[in-house]
Each structure stands twice: as structure tokens, then as C-alpha cells.
$ cat start33.pdb   # PDB, C-alpha atoms
ATOM      1  CA  MET A 279      50.907 -15.639  -4.195
ATOM      2  CA  GLU A 280      49.445 -13.954  -7.255
ATOM      3  CA  ALA A 281      48.597 -10.908  -5.124
ATOM      4  CA  ASN A 282      52.270 -10.703  -4.124
ATOM      5  CA  GLY A 283      53.439 -10.699  -7.712
ATOM      6  CA  ARG A 284      54.216 -14.378  -8.281
ATOM      7  CA  ALA A 285      52.348 -15.809 -11.241
ATOM      8  CA  LEU A 286      51.173 -19.379 -10.780
ATOM      9  CA  SER A 287      51.294 -21.949 -13.525
ATOM     10  CA  GLU A 288      48.076 -23.720 -14.543
ATOM     11  CA  THR A 289      49.340 -26.884 -12.853
ATOM     12  CA  GLU A 290      50.127 -25.084  -9.580
ATOM     13  CA  SER A 291      46.790 -23.279  -9.562
ATOM     14  CA  ASP A 292      44.969 -26.575 -10.264
ATOM     15  CA  SER A 293      46.749 -28.359  -7.430
ATOM     16  CA  LEU A 294      46.338 -25.593  -4.848
ATOM     17  CA  THR A 295      42.646 -25.048  -5.602
ATOM     18  CA  TYR A 296      41.931 -28.750  -5.236
ATOM     19  CA  THR A 297      44.081 -29.124  -2.109
ATOM     20  CA  ALA A 298      42.290 -26.243  -0.388
ATOM     21  CA  ALA A 299      38.933 -27.966  -0.966
ATOM     22  CA  LEU A 300      40.342 -31.350   0.058
ATOM     23  CA  LEU A 301      41.547 -29.932   3.400
ATOM     24  CA  ARG A 302      37.985 -28.843   4.152
ATOM     25  CA  TYR A 303      36.763 -32.358   3.297
ATOM     26  CA  GLU A 304      39.314 -33.937   5.644
ATOM     27  CA  GLN A 305      38.141 -31.553   8.378
ATOM     28  CA  LYS A 306      34.523 -32.684   7.675
ATOM     29  CA  ASP A 307      33.554 -29.173   6.653
ATOM     30  CA  PHE A 308      31.194 -30.494   3.991
ATOM     31  CA  ALA A 309      29.544 -27.173   3.196
ATOM     32  CA  GLY A 310      32.993 -25.646   2.589
ATOM     33  CA  THR A 311      34.055 -28.730   0.644
ATOM     34  CA  LYS A 312      31.077 -28.435  -1.709
ATOM     35  CA  ASN A 313      31.844 -24.767  -2.355
ATOM     36  CA  GLY A 314      35.537 -25.490  -2.928
ATOM     37  CA  MET A 315      35.086 -28.570  -5.118
ATOM     38  CA  SER A 316      32.347 -26.901  -7.150
ATOM     39  CA  ALA A 317      34.661 -23.934  -7.771
ATOM     40  CA  TYR A 318      37.463 -26.330  -8.740
ATOM     41  CA  ILE A 319      35.239 -28.229 -11.207
ATOM     42  CA  ASP A 320      34.043 -24.980 -12.793
ATOM     43  CA  LYS A 321      37.546 -23.525 -13.119
ATOM     44  CA  PHE A 322      39.364 -26.715 -14.138
ATOM     45  CA  PRO A 323      36.922 -28.899 -16.142
ATOM     46  CA  ASN A 324      39.900 -30.904 -17.395
ATOM     47  CA  GLY A 325      41.940 -30.600 -14.222
ATOM     48  CA  SER A 326      44.316 -33.262 -12.965
ATOM     49  CA  HIS A 327      42.023 -33.936  -9.962
ATOM     50  CA  ILE A 328      38.688 -33.706 -11.782
ATOM     51  CA  LEU A 329      37.755 -37.344 -11.149
ATOM     52  CA  GLU A 330      38.589 -37.107  -7.450
ATOM     53  CA  ALA A 331      36.565 -33.889  -7.154
ATOM     54  CA  HIS A 332      33.492 -35.528  -8.702
ATOM     55  CA  PHE A 333      33.922 -38.584  -6.478
ATOM     56  CA  ILE A 334      34.051 -36.453  -3.318
ATOM     57  CA  MET A 335      31.018 -34.410  -4.368
ATOM     58  CA  ALA A 336      29.055 -37.592  -5.088
ATOM     59  CA  SER A 337      30.088 -39.055  -1.729
ATOM     60  CA  ILE A 338      28.932 -35.987   0.191
ATOM     61  CA  TYR A 339      25.571 -35.790  -1.547
ATOM     62  CA  LYS A 340      25.075 -39.514  -1.135
ATOM     63  CA  SER A 341      25.741 -39.220   2.627
ATOM     64  CA  GLU A 342      23.156 -36.416   2.717
ATOM     65  CA  LYS A 343      20.678 -38.650   0.843
ATOM     66  CA  ASN A 344      20.502 -36.050  -1.903
ATOM     67  CA  THR A 345      20.188 -38.545  -4.758
ATOM     68  CA  ALA A 346      19.466 -36.031  -7.509
ATOM     69  CA  SER A 347      22.664 -34.085  -6.797
ATOM     70  CA  ALA A 348      24.772 -37.218  -6.322
ATOM     71  CA  ILE A 349      23.605 -38.529  -9.714
ATOM     72  CA  LYS A 350      25.086 -35.498 -11.481
ATOM     73  CA  TYR A 351      28.592 -36.367 -10.287
ATOM     74  CA  LEU A 352      28.198 -40.134 -10.571
ATOM     75  CA  THR A 353      27.048 -39.746 -14.175
ATOM     76  CA  TYR A 354      30.215 -37.814 -14.969
ATOM     77  CA  LEU A 355      32.406 -40.544 -13.437
ATOM     78  CA  ALA A 356      30.544 -43.246 -15.356
ATOM     79  CA  SER A 357      30.852 -41.319 -18.617
ATOM     80  CA  LYS A 358      34.651 -41.147 -18.259
ATOM     81  CA  ALA A 359      35.146 -44.913 -17.912
ATOM     82  CA  PRO A 360      37.536 -46.557 -17.629
ATOM     83  CA  ASN A 361      38.721 -44.985 -14.393
ATOM     84  CA  LYS A 362      39.086 -46.202 -10.805
ATOM     85  CA  TYR A 363      35.706 -44.753  -9.805
ATOM     86  CA  ALA A 364      33.644 -45.813 -12.827
ATOM     87  CA  THR A 365      32.484 -49.265 -11.742
ATOM     88  CA  ASP A 366      31.270 -48.061  -8.364
ATOM     89  CA  ALA A 367      29.624 -45.023  -9.988
ATOM     90  CA  VAL A 368      27.728 -47.240 -12.440
ATOM     91  CA  LEU A 369      26.641 -49.514  -9.568
ATOM     92  CA  GLN A 370      25.388 -46.542  -7.531
ATOM     93  CA  LEU A 371      23.544 -45.120 -10.538
ATOM     94  CA  ALA A 372      21.856 -48.457 -11.273
ATOM     95  CA  ARG A 373      20.703 -48.787  -7.654
ATOM     96  CA  ALA A 374      19.521 -45.179  -7.471
ATOM     97  CA  TYR A 375      17.449 -45.396 -10.638
ATOM     98  CA  TYR A 376      15.931 -48.733  -9.627
ATOM     99  CA  PHE A 377      15.282 -48.389  -5.902
ATOM    100  CA  GLU A 378      14.862 -44.649  -5.391
ATOM    101  CA  LEU A 379      13.823 -43.025  -8.661
ATOM    102  CA  ARG A 380      12.052 -46.097 -10.103
ATOM    103  CA  ASP A 381      13.239 -45.204 -13.576
ATOM    104  CA  TYR A 382      13.579 -48.788 -14.768
ATOM    105  CA  ALA A 383      14.703 -47.919 -18.302
ATOM    106  CA  LYS A 384      17.723 -45.997 -16.973
ATOM    107  CA  ALA A 385      18.335 -48.680 -14.361
ATOM    108  CA  THR A 386      18.504 -51.200 -17.213
ATOM    109  CA  THR A 387      21.077 -49.054 -19.021
ATOM    110  CA  TYR A 388      23.374 -48.903 -16.000
ATOM    111  CA  TYR A 389      22.931 -52.561 -15.039
ATOM    112  CA  LYS A 390      23.989 -53.458 -18.597
ATOM    113  CA  GLU A 391      27.065 -51.244 -18.206
ATOM    114  CA  LEU A 392      27.813 -52.853 -14.850
ATOM    115  CA  ASP A 393      27.565 -56.327 -16.353
ATOM    116  CA  ALA A 394      29.968 -55.333 -19.139
ATOM    117  CA  MET A 395      32.624 -53.769 -16.905
ATOM    118  CA  ALA A 396      32.425 -55.825 -13.695
ATOM    119  CA  THR A 397      35.056 -58.456 -13.013
ATOM    120  CA  ASP A 398      33.891 -59.308  -9.504
ATOM    121  CA  GLU A 399      31.471 -62.264  -9.343
ATOM    122  CA  ALA A 400      29.221 -60.544  -6.791
ATOM    123  CA  LEU A 401      28.837 -57.497  -9.050
ATOM    124  CA  LYS A 402      28.110 -59.760 -12.030
ATOM    125  CA  LYS A 403      25.302 -61.353 -10.019
ATOM    126  CA  GLU A 404      23.926 -57.973  -8.963
ATOM    127  CA  ALA A 405      23.968 -56.767 -12.559
ATOM    128  CA  ALA A 406      22.080 -59.844 -13.767
ATOM    129  CA  ARG A 407      19.606 -59.551 -10.897
ATOM    130  CA  GLY A 408      19.060 -55.858 -11.609
ATOM    131  CA  LEU A 409      18.515 -56.488 -15.321
ATOM    132  CA  ILE A 410      15.879 -59.122 -14.583
ATOM    133  CA  ARG A 411      14.044 -57.025 -12.009
ATOM    134  CA  SER A 412      14.111 -53.920 -14.237
ATOM    135  CA  ALA A 413      12.816 -55.951 -17.171
ATOM    136  CA  VAL A 414      10.013 -57.426 -15.058
ATOM    137  CA  LYS A 415       8.961 -53.917 -14.011
ATOM    138  CA  GLN A 416       8.746 -52.968 -17.699
ATOM    139  CA  SER A 417       7.356 -56.327 -18.929
ATOM    140  CA  ASN A 418      10.365 -56.358 -21.253
ATOM    141  CA  TRP A 419      10.946 -60.097 -21.388
ATOM    142  CA  THR A 420      13.177 -60.216 -24.463
ATOM    143  CA  ASP A 421      15.787 -57.848 -23.027
ATOM    144  CA  ALA A 422      15.845 -59.878 -19.820
ATOM    145  CA  LEU A 423      16.622 -63.202 -21.515
ATOM    146  CA  PRO A 424      20.449 -62.966 -21.436
ATOM    147  CA  ALA A 425      20.400 -62.081 -17.724
ATOM    148  CA  ALA A 426      17.900 -64.856 -16.974
ATOM    149  CA  THR A 427      20.092 -67.397 -18.744
ATOM    150  CA  GLN A 428      23.121 -66.073 -16.880
ATOM    151  CA  ILE A 429      21.386 -66.462 -13.487
ATOM    152  CA  LEU A 430      20.179 -69.995 -14.239
ATOM    153  CA  ASP A 431      23.726 -70.982 -15.244
ATOM    154  CA  MET A 432      25.283 -69.449 -12.112
ATOM    155  CA  THR A 433      26.364 -71.575  -9.205
ATOM    156  CA  GLY A 434      25.127 -70.258  -5.901
ATOM    157  CA  ALA A 435      22.481 -67.914  -7.310
ATOM    158  CA  ALA A 436      19.827 -66.988  -4.729
ATOM    159  CA  SER A 437      16.522 -68.842  -4.902
ATOM    160  CA  ASP A 438      14.587 -65.597  -5.486
ATOM    161  CA  ASP A 439      16.845 -64.733  -8.409
ATOM    162  CA  LYS A 440      16.361 -68.181  -9.934
ATOM    163  CA  MET A 441      12.608 -67.872  -9.480
ATOM    164  CA  MET A 442      12.554 -64.558 -11.352
ATOM    165  CA  ALA A 443      14.856 -65.955 -14.047
ATOM    166  CA  ASN A 444      12.473 -68.876 -14.570
ATOM    167  CA  PHE A 445       9.570 -66.417 -14.724
ATOM    168  CA  VAL A 446      11.324 -64.374 -17.414
ATOM    169  CA  MET A 447      12.090 -67.532 -19.408
ATOM    170  CA  ALA A 448       8.463 -68.656 -19.122
ATOM    171  CA  LYS A 449       7.104 -65.297 -20.260
ATOM    172  CA  SER A 450       9.427 -65.092 -23.246
ATOM    173  CA  LYS A 451       8.628 -68.658 -24.327
ATOM    174  CA  GLN A 452       4.898 -68.019 -23.970
ATOM    175  CA  LEU A 453       5.165 -64.898 -26.140
ATOM    176  CA  ALA A 454       7.118 -66.928 -28.696
ATOM    177  CA  ALA A 455       4.318 -69.550 -28.698
ATOM    178  CA  SER A 456       6.655 -72.215 -27.280
ATOM    179  CA  LEU A 457       3.895 -73.168 -24.886
ATOM    180  CA  ASP A 458       5.139 -76.547 -23.659
ATOM    181  CA  THR A 459       8.524 -75.031 -22.827
ATOM    182  CA  ALA A 460       6.814 -72.105 -21.097
ATOM    183  CA  ILE A 461       4.935 -74.588 -18.888
ATOM    184  CA  ILE A 462       8.237 -76.142 -17.783
ATOM    185  CA  TYR A 463       9.517 -72.761 -16.600
ATOM    186  CA  TYR A 464       6.194 -71.783 -15.006
ATOM    187  CA  THR A 465       6.237 -75.069 -13.100
ATOM    188  CA  ALA A 466       9.673 -74.158 -11.731
ATOM    189  CA  VAL A 467       8.317 -70.767 -10.587
ATOM    190  CA  ILE A 468       5.361 -72.411  -8.833
ATOM    191  CA  ALA A 469       7.702 -74.863  -7.095
ATOM    192  CA  SER A 470       9.737 -71.954  -5.661
ATOM    193  CA  GLY A 471       6.994 -71.104  -3.137
ATOM    194  CA  LYS A 472       4.074 -68.719  -2.851
ATOM    195  CA  SER A 473       4.565 -65.246  -4.265
ATOM    196  CA  GLU A 474       2.977 -62.834  -6.735
ATOM    197  CA  PHE A 475       5.052 -64.498  -9.436
ATOM    198  CA  SER A 476       3.981 -68.042  -8.604
ATOM    199  CA  ALA A 477       0.330 -66.904  -8.413
ATOM    200  CA  GLU A 478       0.600 -65.553 -11.953
ATOM    201  CA  ALA A 479       2.579 -68.608 -13.068
ATOM    202  CA  LYS A 480      -0.249 -70.909 -11.976
ATOM    203  CA  TYR A 481      -2.774 -68.765 -13.843
ATOM    204  CA  GLN A 482      -0.619 -68.635 -16.976
ATOM    205  CA  HIS A 483      -0.254 -72.433 -16.864
ATOM    206  CA  ALA A 484      -4.039 -72.767 -16.804
ATOM    207  CA  LYS A 485      -4.357 -70.224 -19.628
ATOM    208  CA  ILE A 486      -1.900 -72.132 -21.818
ATOM    209  CA  LEU A 487      -3.887 -75.335 -21.298
ATOM    210  CA  PHE A 488      -6.993 -73.419 -22.386
ATOM    211  CA  GLU A 489      -5.209 -72.196 -25.517
ATOM    212  CA  GLN A 490      -4.220 -75.799 -26.241
ATOM    213  CA  ASN A 491      -7.918 -76.708 -25.955
ATOM    214  CA  LYS A 492      -7.251 -78.915 -22.925
ATOM    215  CA  LEU A 493     -10.344 -77.571 -21.228
ATOM    216  CA  GLU A 494     -10.711 -80.077 -18.391
ATOM    217  CA  ALA A 495      -7.047 -79.737 -17.443
ATOM    218  CA  SER A 496      -7.319 -75.951 -17.680
ATOM    219  CA  GLU A 497     -10.393 -75.917 -15.418
ATOM    220  CA  LYS A 498      -8.638 -78.122 -12.854
ATOM    221  CA  MET A 499      -5.555 -75.861 -12.878
ATOM    222  CA  ALA A 500      -7.672 -72.702 -12.517
ATOM    223  CA  PHE A 501      -9.457 -74.125  -9.467
ATOM    224  CA  GLU A 502      -6.086 -75.084  -7.968
ATOM    225  CA  GLN A 503      -4.869 -71.524  -8.508
ATOM    226  CA  ILE A 504      -7.930 -70.110  -6.737
ATOM    227  CA  LYS A 505      -7.508 -72.532  -3.829
ATOM    228  CA  ASP A 506      -3.743 -72.188  -3.405
ATOM    229  CA  PHE A 507      -3.304 -68.448  -4.023
ATOM    230  CA  GLY A 508      -6.364 -66.888  -2.386
ATOM    231  CA  SER A 509      -4.423 -63.893  -1.043
ATOM    232  CA  TYR A 510      -3.407 -62.809  -4.568
ATOM    233  CA  GLN A 511      -6.805 -61.473  -5.561
ATOM    234  CA  TYR A 512      -5.858 -60.099  -8.966
ATOM    235  CA  TRP A 513      -4.711 -63.469 -10.262
ATOM    236  CA  VAL A 514      -7.563 -65.279  -8.519
ATOM    237  CA  THR A 515      -9.991 -63.013 -10.380
ATOM    238  CA  LYS A 516      -8.128 -63.717 -13.630
ATOM    239  CA  SER A 517      -8.614 -67.428 -12.956
ATOM    240  CA  TYR A 518     -12.362 -66.889 -12.516
ATOM    241  CA  LEU A 519     -12.408 -65.056 -15.853
ATOM    242  CA  LEU A 520     -10.657 -68.041 -17.382
ATOM    243  CA  LEU A 521     -13.251 -70.391 -15.895
ATOM    244  CA  GLY A 522     -15.959 -68.271 -17.525
ATOM    245  CA  ASP A 523     -14.151 -68.624 -20.859
ATOM    246  CA  ILE A 524     -13.927 -72.399 -20.386
ATOM    247  CA  TYR A 525     -17.669 -72.676 -19.697
ATOM    248  CA  HIS A 526     -18.407 -70.433 -22.673
ATOM    249  CA  LYS A 527     -16.292 -72.607 -24.954
ATOM    250  CA  GLN A 528     -18.052 -75.716 -23.612
ATOM    251  CA  LEU A 529     -21.406 -74.003 -24.434
ATOM    252  CA  ASP A 530     -22.265 -74.079 -20.727
ATOM    253  CA  TYR A 531     -23.971 -70.684 -20.885
ATOM    254  CA  PHE A 532     -25.529 -70.949 -17.424
ATOM    255  CA  ASN A 533     -22.193 -71.316 -15.580
ATOM    256  CA  ALA A 534     -20.479 -68.846 -17.911
ATOM    257  CA  GLU A 535     -23.076 -66.167 -17.157
ATOM    258  CA  ALA A 536     -23.019 -66.900 -13.424
ATOM    259  CA  THR A 537     -19.214 -66.673 -13.297
ATOM    260  CA  PHE A 538     -18.999 -63.362 -15.154
ATOM    261  CA  GLN A 539     -21.899 -61.887 -13.149
ATOM    262  CA  SER A 540     -20.146 -62.846  -9.908
ATOM    263  CA  ILE A 541     -16.957 -61.091 -11.031
ATOM    264  CA  ILE A 542     -18.919 -57.945 -11.971
ATOM    265  CA  ALA A 543     -20.612 -57.937  -8.574
ATOM    266  CA  ASN A 544     -17.611 -58.755  -6.395
ATOM    267  CA  ALA A 545     -14.332 -57.897  -8.107
ATOM    268  CA  THR A 546     -12.324 -54.930  -6.813
ATOM    269  CA  PHE A 547     -10.295 -54.439  -9.989
ATOM    270  CA  GLU A 548     -12.074 -52.156 -12.453
ATOM    271  CA  ASP A 549     -10.197 -53.464 -15.492
ATOM    272  CA  LEU A 550     -11.237 -57.036 -14.685
ATOM    273  CA  LYS A 551     -14.848 -56.005 -14.003
ATOM    274  CA  LYS A 552     -14.906 -54.329 -17.414
ATOM    275  CA  GLU A 553     -13.478 -57.454 -19.026
ATOM    276  CA  ALA A 554     -16.098 -59.601 -17.285
ATOM    277  CA  GLN A 555     -18.879 -57.309 -18.549
ATOM    278  CA  GLU A 556     -17.595 -57.592 -22.124
ATOM    279  CA  LYS A 557     -17.434 -61.379 -21.862
ATOM    280  CA  LEU A 558     -20.924 -61.538 -20.322
ATOM    281  CA  THR A 559     -22.307 -59.489 -23.229
ATOM    282  CA  GLN A 560     -20.765 -61.954 -25.681
ATOM    283  CA  VAL A 561     -22.119 -64.977 -23.790
ATOM    284  CA  THR A 562     -25.606 -63.452 -23.730
ATOM    285  CA  ALA A 563     -25.441 -62.810 -27.477
ATOM    286  CA  ASP A 564     -24.241 -66.337 -28.230
ATOM    287  CA  LYS A 565     -26.922 -67.823 -25.971
ATOM    288  CA  ALA A 566     -29.632 -65.881 -27.865
ATOM    289  CA  LYS A 567     -28.440 -67.404 -31.150
ATOM    290  CA  LYS A 568     -29.053 -70.966 -29.949
TER     291      LYS A 568
END

$ encode --input "start33.pdb" --output "C-alpha cells"
Amino acid sequence: MEANGRALSETESDSLTYTAALLRYEQKDFAGTKNGMSAYIDKFPNGSHILEAHFIMASIYKSEKNTASAIKYLTYLASKAPNKYATDAVLQLARAYYFELRDYAKATTYYKELDAMATDEALKKEAARGLIRSAVKQSNWTDALPAATQILDMTGAASDDKMMANFVMAKSKQLAASLDTAIIYYTAVIASGKSEFSAEAKYQHAKILFEQNKLEASEKMAFEQIKDFGSYQYWVTKSYLLLGDIYHKQLDYFNAEATFQSIIANATFEDLKKEAQEKLTQVTADKAKK
């Protein structure tokens, strides 16, 4: 039209450029769509169809499993909230950063946004679940507390979600030195069934008893952890380290030395072997002072 001498208004040019790209999308010409929508976005950054253009671009890249490119357009949609695409964009960003990119700090940011903007109960639950899981990955127990409380107060929350919420509550209480309360939450985690979390919960329960100077109870709990969670070798080894500490505190140098030597000889975790060596050195020094 311009070539034939008819000047187009900005509105007409905006609409025609977008419509041309949209026709390619409807015809499933995705390569042509990407070229057309990209040209539209560049030429009309504040165009009347700018949100739709970003949504279509994100959808195409998502269908192609090109997460990095999809994120560019989803981030734009999220940044322009409120709009009809924002909630879904924030949800997709949170999932992408958690499950695919494993950037748990950014996942936390978007799960918080999702929690704030979602009105649907299912999305509220997913936001709380995502906040807890992201916090666990970062050992950020304080930030996870509101989501943990929210999950525990929810009706119909999944058992796995409740287990993780109890774990977060236990960790935060332990860090705050509310040890008896932490034990209550750890007990709930253990009761949820065998998992990496319940294996650690059993160990942490034994450790708290040790810190409370309840050595016999701590020893009993550590042996239970070793017996019940044998497939979780990291936490089993931690329980053996705790047993060595108990024997050391009881001035049972023979069993303390034997326990730490066994860990040094048999453990597969270098950090725990190093810890055992340091503890053995201290036991040997204390024994020599007798």
C-alpha cells in the first residue's frame, strides 16, 4: 500500500504487521512466524499486540524445548503484570528455573510472585510447594517458613509436601535452638516413611539428644538410624560419627577410636572421612592426657 502511494497510519501498520505473522502461526509455519513476530516486536515495542506476540514466541520456543529462548519472552510477559498472560508466564518461569535450569534462587523469586498473584487453589499449592523445594535445595530454611506453614494449614495437601514442610519447620526450629519443638517436627518427618529426608531427620533427632546431654538416648537413636536407614549411607556415616562423639564424651576412648578408625577405613564420603580423622586426632590427644 505504501509502495502504491497510500501512507499507512501507525495503528494500521501495527495491525497489518502483526496479522501477517499471525497468519503464518495459524498455518503452523513456525519458522515464518518467528521471523514475523520478531520483526513486529522490534518495530513496535509498544504495539497494541505486543503481549500476544511475546506469548506466541514463548509458546513456539516452549514447544521446541528451547527453554533459554522461551524464557526471554516469558520474562517480558511477567514483567508487564497484570495482564492475561502474566500468571501463566510466572508459573512457566518458576518451573523452568527449578526443573530445567536448576537456578533455585530465581525459581524462588518466581514462586513468590506466583503465590502473590495466583487466585486458583491449585496454583497456590504449587507455589508453596515450589518455595519449599527451592529453599531445601539452598538450605534456606527461614525463607521457606511461610510456605511450610501454608502447606501444613492446607486441607488436602499431598503427603510429600507435608513431609517437606515438617522438615523445613524442624530445621528452622533447630537453628533457632528450639530443640524440643524441632524434635516434634522431625518425628513427623520420620513417620512419613523412608526417604532421604526421614534418614536425616532420624540423625538430627539423635544429634539433638546428644546436644541435650542425653547420651544414652542419643546412642539408642543413632543405632536405630543405622538399622532403619541402611541405604542412605551419608546419614548412616553421620550417625557413626555421632556415636564416636558419644563415646568420646563418655571417656570411652577405646570405642571412640575404633569407631572413627572404621569410618576412615570404610567411608566413601571424603568430607566425612576428613571429619573422622580430625575427631580421631582429638581423641588420641585426650587419651594421652589421662

$ atom_distance --input "start33.pdb" --atom1 "atom CA of A:Lys485" --atom2 "atom CA of A:Lys449"
12.5 Å

$ atom_distance --input "start33.pdb" --atom1 "atom CA of A:Gly522" --atom2 "atom CA of A:Ala534"
4.6 Å

$ residues_around --input "start33.pdb" --residues "A:Thr386" --least-positions-apart "2" --cutoff "10 Å" --atoms "only C-alpha atoms" --output "ChimeraX atom specification"
/A:372,375-376,381-384,388-392,405-406,408-413,416,421-422

$ atom_distance --input "start33.pdb" --atom1 "atom CA of A:Thr465" --atom2 "atom CA of A:Lys402"
26.7 Å

$ resolve_selection --input "start33.pdb" --expression "the PyMOL selection byres ((chain A and resi 330) around 12)" --output "ChimeraX atom specification"
/A:293,296-297,299-300,303,315-316,318-319,324-329,331-337,351-352,354-355,361-364

$ resolve_selection --input "start33.pdb" --expression "the PyMOL selection byres ((chain A and resi 469) around 12)" --output "list in words"
Ser437, Asp438, Lys440, Met441, Asn444, Phe445, Ile462, Tyr463, Tyr464, Thr465, Ala466, Val467, Ile468, Ser470, Gly471, Lys472, Ser473, Phe475, Ser476, Ala477, Ala479 and Lys480 of chain A

$ residues_near_point --input "start33.pdb" --point "(24.5, -63.7, -12.3)" --cutoff "10 Å" --atoms "all atoms listed in the file" --output "list of chain:residue names"
A:Asp393, A:Glu399, A:Ala400, A:Leu401, A:Lys402, A:Lys403, A:Glu404, A:Ala405, A:Ala406, A:Arg407, A:Gly408, A:Leu409, A:Ala425, A:Ala426, A:Thr427, A:Gln428, A:Ile429, A:Leu430, A:Asp431, A:Met432, A:Thr433, A:Gly434, A:Ala435, A:Ala436, A:Asp439, A:Lys440

$ closest_residue --input "start33.pdb" --among "A:Ala317, A:Tyr518, A:Ser509, A:Thr289" --to "A:Glu497" --atoms "only C-alpha atoms"
A:Tyr518

$ closest_residue --input "start33.pdb" --among "A:Val561, A:Ala455, A:Phe532, A:Met395" --to "A:Pro360" --atoms "all atoms listed in the file"
A:Met395

$ residues_around --input "start33.pdb" --residues "A:Leu550" --least-positions-apart "4" --cutoff "8 Å" --atoms "all atoms listed in the file" --output "PyMOL selection string"
chain A and resi 515-516+541+545+554
